[in-house]
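First comes the structure, then the notes that go with it.
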Amino acid sequence: MSKTYVSDWLGLTIGNSRLHWGWFKGDILTETWDSPHFSHPVTDLMPYLQPQISPSLPLYFASVVPQQTTLLLSLDSIELREILLSDVSIKGLYPTIGIDRAIALWGAVQTYGLPVLVIDAGTALTFTGANHTQLRKQTESKRSPHHPKTHPVTPAIPDSQPSSPTLFGGAILPGLRLQFQSLHQKTAALPSVSLSPQLPQRWALNTPNAIESGILYTLLAGIQDFIKDWLQQFPHSKVIFTGGDATMLSSLLPPQDAEMIVDPNLIFWGARAIVEQYSIYR
Ligand SMILES: Nc1ncnc2c1ncn2[C@@H]1O[C@H](COP(=O)(O)OP(=O)(O)O)[C@@H](O)[C@H]1O
Ligand SMILES: CC(C)(COP(=O)(O)O)[C@@H](O)C(=O)NCCC(=O)O
Ligand SMILES: [K+]
């Protein structure tokens, strides 16, 4: 396949809360911003772009919100390329895994190596871990000692390079804001609570604090339990937080036995590595 040259381009991932944009000059990410979901067929990208950015740049996008994809595809005046699961070179991705999880994991593998655990604190909070692909053991077919082999056995071709990544697995739960919203929306008496940046008192004596305490302490305990389990299997793994609540949640965790990194741009590192498969940056 021949590669095309690419200079300026836009990366876009569509999450369940909002759109995440990145402006690249070749392989350099120069600017990122978020915008609300498209609300009607998109005829003009300008309202979603920073003033200095031209809507004529090629737009590489990935979406976990099919209605938003449909609205975006109504825009026929620009060069749109959808990033698909098949573009992500990680083994074992199951067909319904979110493309945002796959791209973020690919970005983490590119940037931080293997094994790696990504904690994406977005609308949903997801854990997604990758490890080195285990080489398949070269199993020789069983032969009876009475039938010695008569020709050399061709060694099986390993199905991957030792350093290639495989999805180990993950988990999905409601994200921070969604937990607050669901309590408010599905109960008669619980108010809408806005998050405070510090840990609340665990044993609360009023309703808003009780909600905050319940959600935050159980969420943090759950995150720690997943990290602990991951590190038992992969003691030298890095743990990368991304998504809208990454900074806040990671700052509230006590120190862990691993290098913990907050990187809001994992999806863009993943997108860049994918675009690079088809292009030469200049
Ligand atoms: N303007 C905002 N809109 C939505 N969520 C926000 C906003 N600012 C901060 N957040 C936080 O970010 C989280 C959503 O993360 P984000 O990565 O933007 O979601 P997604 O990728 O699913 O669209 C919410 O739980 C919320 O607490
Ligand atoms: C889990 C998600 C809802 C997370 O979406 P987000 O919070 O980033 O908007 C999304 O990755 C998705 O729709 N996943 C499909 C199911 C799966 O990953 O197994
Ligand atoms: K996300």
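By convention here, the chains of the structure tokens are called A, B, ... in the order presented, each chain's residues are numbered starting at 1, and ligands are numbered starting at 1 in the order presented.
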Worksheet entry | Contacts of ligand 2, 12 Å or closer, only C-alpha atoms and all ligand atoms, given as a PyMOL selection string | chain A and resi 13-20+37+62-66+68+85+93-105+119-128+167+169-178+242-246+267
Item to complete: Write out as a PyMOL selection string each polymer residue whose atoms come within 9 Å of region 206-214 of chain A, counting only C-alpha atoms; drop sequence neighbours fewer than 4 positions from it.
Response: chain A and resi 180+183+190-196+199-202+218-219
Discussion item. Nearest residue to ligand 1 out of A:Ala221, A:Val109, A:Ile227, A:Leu249, using only C-alpha atoms and all ligand atoms?
Written reply: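 Looking only at the distances to ligand 1, the closest residue turns out to be A:Leu249.
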Item to complete: Select, from A:Pro36, A:Pro58, A:Pro47, A:Gly26, the residue with the minimum atom-to-atom distance to ligand 1, counting only C-alpha atoms and all ligand atoms.
Response: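 Nearest candidate to ligand 1 out of A:Pro36, A:Pro58, A:Pro47, A:Gly26: A:Pro36.
Residue nearest ligand 3 within the list A:Ala273, A:Trp230, A:Ser54, A:Asp34: A:Asp34 [criterion: smallest interatomic distance, only C-alpha atoms and all ligand atoms].
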Worksheet entry | Residue with smallest distance to Leu75 (chain A) - pool A:Ile53, A:Val262, A:Val42, A:Leu216, counting only C-alpha atoms | A:Val42
Practice prompt. Counting only C-alpha atoms and all ligand atoms, figure out which residue out of A:Pro254, A:Pro197, A:Pro115, A:Pro235 gets nearest to ligand 1.
Written response: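 Ranking A:Pro254, A:Pro197, A:Pro115, A:Pro235 by distance to ligand 1, first place goes to A:Pro197.
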Worksheet entry | Distance criterion (only C-alpha atoms): nearest to Leu231 (chain A) out of A:Gln277, A:Gln179, A:Asn265, A:Gln256 |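 Nearest to Leu231 (chain A): A:Gln256.
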Discussion item. According to DSSP computed on the backbone, where in region 46-251 of chain A is there strand (DSSP E or B)? Give the residues as a ChimeraX atom specification.
Written reply: /A:59-63,80-82,91,116-121,124-132,165-174,238-242
Same residues, C-alpha atoms, saved as a PDB file, in the first residue's frame:
```pdb
ATOM      1  CA  LEU A  59     -10.082  14.603   9.973  1.00  0.00           C
ATOM      2  CA  TYR A  60      -9.306  11.179  11.445  1.00  0.00           C
ATOM      3  CA  PHE A  61     -12.071  10.250  13.829  1.00  0.00           C
ATOM      4  CA  ALA A  62     -13.291   7.447  16.058  1.00  0.00           C
ATOM      5  CA  SER A  63     -16.611   7.304  17.810  1.00  0.00           C
ATOM      6  CA  LEU A  80     -13.131  12.244   6.798  1.00  0.00           C
ATOM      7  CA  ARG A  81     -11.406   8.975   7.739  1.00  0.00           C
ATOM      8  CA  GLU A  82     -12.883   6.757  10.374  1.00  0.00           C
ATOM      9  CA  LYS A  91      -4.230  -8.983  19.429  1.00  0.00           C
ATOM     10  CA  VAL A 116       0.362  -1.500  30.681  1.00  0.00           C
ATOM     11  CA  LEU A 117      -2.961  -0.771  32.379  1.00  0.00           C
ATOM     12  CA  VAL A 118      -5.148   2.104  31.158  1.00  0.00           C
ATOM     13  CA  ILE A 119      -7.762   3.569  33.472  1.00  0.00           C
ATOM     14  CA  ASP A 120     -10.059   5.812  31.415  1.00  0.00           C
ATOM     15  CA  ALA A 121     -12.163   7.905  33.763  1.00  0.00           C
ATOM     16  CA  ALA A 124     -17.900   5.221  31.850  1.00  0.00           C
ATOM     17  CA  LEU A 125     -14.799   4.292  33.804  1.00  0.00           C
ATOM     18  CA  THR A 126     -12.887   1.536  32.079  1.00  0.00           C
ATOM     19  CA  PHE A 127      -9.886  -0.608  32.912  1.00  0.00           C
ATOM     20  CA  THR A 128      -8.065  -1.955  29.863  1.00  0.00           C
ATOM     21  CA  GLY A 129      -4.818  -3.892  30.162  1.00  0.00           C
ATOM     22  CA  ALA A 130      -2.355  -5.245  27.632  1.00  0.00           C
ATOM     23  CA  ASN A 131       0.566  -7.582  27.969  1.00  0.00           C
ATOM     24  CA  HIS A 132       3.209  -9.056  25.683  1.00  0.00           C
ATOM     25  CA  PRO A 165       0.656  -6.527  22.497  1.00  0.00           C
ATOM     26  CA  THR A 166      -2.352  -8.635  23.390  1.00  0.00           C
ATOM     27  CA  LEU A 167      -5.434  -7.406  25.198  1.00  0.00           C
ATOM     28  CA  PHE A 168      -5.368  -9.049  28.614  1.00  0.00           C
ATOM     29  CA  GLY A 169      -8.837  -7.820  29.539  1.00  0.00           C
ATOM     30  CA  GLY A 170     -10.664  -5.088  31.354  1.00  0.00           C
ATOM     31  CA  ALA A 171     -13.807  -3.890  33.061  1.00  0.00           C
ATOM     32  CA  ILE A 172     -16.484  -1.204  32.690  1.00  0.00           C
ATOM     33  CA  LEU A 173     -18.396   0.699  35.366  1.00  0.00           C
ATOM     34  CA  PRO A 174     -20.312   3.988  35.534  1.00  0.00           C
ATOM     35  CA  LYS A 238       2.832   1.233  34.478  1.00  0.00           C
ATOM     36  CA  VAL A 239      -0.682   2.475  35.201  1.00  0.00           C
ATOM     37  CA  ILE A 240      -1.965   5.300  32.991  1.00  0.00           C
ATOM     38  CA  PHE A 241      -4.963   7.452  33.864  1.00  0.00           C
ATOM     39  CA  THR A 242      -6.817   9.283  31.127  1.00  0.00           C
TER      40      THR A 242
END
```
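A straight line drawn from CA of Pro51 (chain A) to CA of Thr32 (chain A) is 12.9 Å long.
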Fill in: Atom-to-atom span, CA of Thr4 (chain A) and CA of Val275 (chain A), Å
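Atom-to-atom, CA of Thr4 (chain A) to CA of Val275 (chain A), that is 10.2 Å.
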